[in-house]
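Q: Supplied in structure tokens, the structure appears directly below.
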Amino acid sequence: MQTTGSANPELQMQAETYVGTGYQRLLTFEVSGGGFSLFGGSPADVFLSAYGLMEFNDMARGYPVDEAVIERAANWLLSQQQADGSWQAHDYRAGEGTLGATAYVTWALIEAGYEDTPEVARAIAHIREAAMTEKDAYNLALAANALAAHDAKDPATREVLDTLYETRIQDGETVYWPMGDMSFMGAEGESGSIETTALAAYALLRAGVHPDAANGALSYLVQAKDSWGTWGTTQATILSLKALLLASEAEGRAEGAATLSVSLNNELTQEITIDADNADVVHVVTFDTGFWPGGENEVQIDLEGVGNLMYQVATRYYLPWDQVPTTPQGEELLTIDVGYDRTQLAVNDEVTVDVGVRLNEAGVVRMALVDLGVPPGFTVLTEDLSRLVEKGLIARYEVAGRQVIVYLEDFSSEAPLTFSYRMRARFPMRAQTPASMAYDYYNPEKLSMRAPVVVTVSE
């Protein structure tokens, strides 16, 4: 927002508040002695430490970050380098080989200002050699970004970028790079392909090569955006935004003004003037009325002036729960069962919630989330959940608004989980819980959902 000049004082204050809250939260994941881990416990993890270094370095551009945090993370990473110049991420989603981990750590160190260290010099040599025989698009994209950050004009960088270019898939006007195994964050399938494509686009844009593929990748990313304006997962969203922002900086401002008219069912709803000051801003038009329930609706977009634009049309609607399509349990990746020991209570009574989660496909989900709905007017007795963490049955939990979020790390098909927790009724009411669900965190389309529960609390 600072770069585009699109922030007003109220919006900037809100954004800075969120960043400040996030900054304090991120500090809790630092491990004593340097580095970061998934939940702040020892030992630190190589990839997550590099990711933390990248986060804090990015954050420092718009928010005051303690330089000692960046220095501790960088020094810990430098101390973990192997004799051959590589880094190995043993205990996270590193896949096979050292290229991906080495490239990402090197990229993070360069961005943080450590490009002139002997460790980075050794790493660049390792990346150049390892990338010569690499076939995986995700690892190649990471290598390309590290080399482009080091020296975008070096012949070795161009060679890796050319190899990455050859692994693309052309689909009409769009270009994408498919995920092979999984990303560091555990993404597969579509989520993994979005991450890989965003990384590839970023590297090509930074080096200024193969603009046709870079533009095709940007088109793919825009089309992959969901109705909420994001890309399904945190990491896919972050990488997509980084690529799109870099593209907007490279393309510059609009050359002239244009007027955009958006209508629903032939009724003009809004006109938008697009000029050099707002060409890189997302304009949202919402139709709350004027549509025909149960019939066909037509959105018309007319542009007068120069240039072109990308647009997305999304719909959102509600259904009674008895009309919501359900996935047959035999086809679910994860199955969740939720039961209340009673649904008729008095104020200050406690209800026990029994939860069962199982993975239906052989293997392991690196990070599964269980999202449990909490009825309004109830207090979650967190000591039950804390004991589950102490016993190692769950990795972490959070109580947020009307939900309990439970994190399951490396959840195996051979170890189904059952657990219970209690809630206390505080007020008389008849209320419905939000739905409960379980899903693979970095492949959220693999979702299991259970209908809400109606609870009655008397005086």
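Lettering and numbering for the structure tokens are positional, with chains as A, B, ... in the shown order, residues counted from 1 in each chain, and ligands counted from 1 in the shown order.
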Can you pull out every residue from segment 201-299 of chain A that DSSP, working from the backbone, puts in alpha helix (DSSP H), and format the result as a VMD selection string?

A: chain A and resid 201 to 207 211 to 224 234 to 251

Q: Find the spatial neighbours of segment 347-353 of chain A, counting only C-alpha atoms, within a cut-off of 7 Å - ignore same-chain residues fewer than 2 positions away - and output them as a ChimeraX atom specification.

A: /A:338-342,345,355,420-428,457-459

Q: Please, which residues in segment 339-397 of chain A fall within 10 Å of segment 184-205 of chain A when counting only C-alpha atoms, and what is the closest atom pair and distance in Å to one decimal for each, ordered by chain then residue number, as CSV?

A:
residue,atom,partner,partner_atom,distance
A:Val365,CA,A:Gly186,CA,8.2
A:Arg366,CA,A:Gly186,CA,6.2
A:Met367,CA,A:Gly186,CA,7.7

Q: Using N, CA and C atoms, can you export the residues from the last selection as a PDB file, in the first residue's frame?

A:
ATOM      1  N   VAL A 365      -0.295 -37.462   6.561  1.00  0.00           N
ATOM      2  CA  VAL A 365      -0.572 -36.054   6.272  1.00  0.00           C
ATOM      3  C   VAL A 365       0.345 -35.231   7.157  1.00  0.00           C
ATOM      4  N   ARG A 366       1.173 -34.425   6.534  1.00  0.00           N
ATOM      5  CA  ARG A 366       2.200 -33.702   7.300  1.00  0.00           C
ATOM      6  C   ARG A 366       1.598 -32.755   8.330  1.00  0.00           C
ATOM      7  N   MET A 367       0.525 -32.075   7.969  1.00  0.00           N
ATOM      8  CA  MET A 367      -0.150 -31.207   8.931  1.00  0.00           C
ATOM      9  C   MET A 367      -1.648 -31.260   8.676  1.00  0.00           C
TER      10      MET A 367
END

Q: Check which residues of segment 306-376 of chain A sit at most 10 Å from segment 213-237 of chain A using only C-alpha atoms, and return one row each with the closest pair of atoms and their distance in Å to one decimal, ordered by chain and rising number, as a tab-separated table.

A:
residue	atom	partner	partner_atom	distance
A:Met310	CA	A:Val222	CA	7.8
A:Tyr311	CA	A:Val222	CA	8.4
A:Gln312	CA	A:Gln223	CA	7.7
A:Val313	CA	A:Ser227	CA	8.0
A:Ala314	CA	A:Ser227	CA	5.3
A:Thr315	CA	A:Ser227	CA	7.3
A:Arg316	CA	A:Ser227	CA	8.1

Q: Those residues with N, CA, C and O atoms, as a PDB file, in the first residue's frame please?

A:
ATOM      1  N   MET A 310      -7.746  -7.973 -16.137  1.00  0.00           N
ATOM      2  CA  MET A 310      -8.160  -9.309 -15.727  1.00  0.00           C
ATOM      3  C   MET A 310      -9.285  -9.155 -14.715  1.00  0.00           C
ATOM      4  O   MET A 310      -9.300  -8.204 -13.930  1.00  0.00           O
ATOM      5  N   TYR A 311     -10.225 -10.090 -14.744  1.00  0.00           N
ATOM      6  CA  TYR A 311     -11.348  -9.986 -13.821  1.00  0.00           C
ATOM      7  C   TYR A 311     -11.742 -11.372 -13.329  1.00  0.00           C
ATOM      8  O   TYR A 311     -11.374 -12.393 -13.922  1.00  0.00           O
ATOM      9  N   GLN A 312     -12.476 -11.393 -12.254  1.00  0.00           N
ATOM     10  CA  GLN A 312     -12.977 -12.638 -11.681  1.00  0.00           C
ATOM     11  C   GLN A 312     -14.423 -12.431 -11.258  1.00  0.00           C
ATOM     12  O   GLN A 312     -14.757 -11.390 -10.676  1.00  0.00           O
ATOM     13  N   VAL A 313     -15.278 -13.392 -11.559  1.00  0.00           N
ATOM     14  CA  VAL A 313     -16.675 -13.373 -11.117  1.00  0.00           C
ATOM     15  C   VAL A 313     -16.864 -14.516 -10.138  1.00  0.00           C
ATOM     16  O   VAL A 313     -16.582 -15.672 -10.463  1.00  0.00           O
ATOM     17  N   ALA A 314     -17.304 -14.204  -8.928  1.00  0.00           N
ATOM     18  CA  ALA A 314     -17.493 -15.222  -7.896  1.00  0.00           C
ATOM     19  C   ALA A 314     -18.874 -15.089  -7.296  1.00  0.00           C
ATOM     20  O   ALA A 314     -19.421 -13.986  -7.197  1.00  0.00           O
ATOM     21  N   THR A 315     -19.459 -16.229  -6.931  1.00  0.00           N
ATOM     22  CA  THR A 315     -20.769 -16.223  -6.276  1.00  0.00           C
ATOM     23  C   THR A 315     -20.662 -16.882  -4.912  1.00  0.00           C
ATOM     24  O   THR A 315     -19.798 -17.723  -4.672  1.00  0.00           O
ATOM     25  N   ARG A 316     -21.556 -16.485  -4.034  1.00  0.00           N
ATOM     26  CA  ARG A 316     -21.594 -17.070  -2.695  1.00  0.00           C
ATOM     27  C   ARG A 316     -23.056 -17.181  -2.280  1.00  0.00           C
ATOM     28  O   ARG A 316     -23.833 -16.256  -2.477  1.00  0.00           O
TER      29      ARG A 316
END

Q: Which distance in Å separates atom CA of Gln432 of chain A and atom CA of Pro452 of chain A, to one decimal?

A: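 Atom CA of Gln432 of chain A sits 6.2 Å away from atom CA of Pro452 of chain A.
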
Q: Could you give me, as an NGL selection string, the residues within 10 Å of segment 410-414 of chain A, counting only C-alpha atoms and dropping anything in the same chain fewer than 4 positions from it?

A: :A and (333-334 or 357-369 or 393-395 or 440)
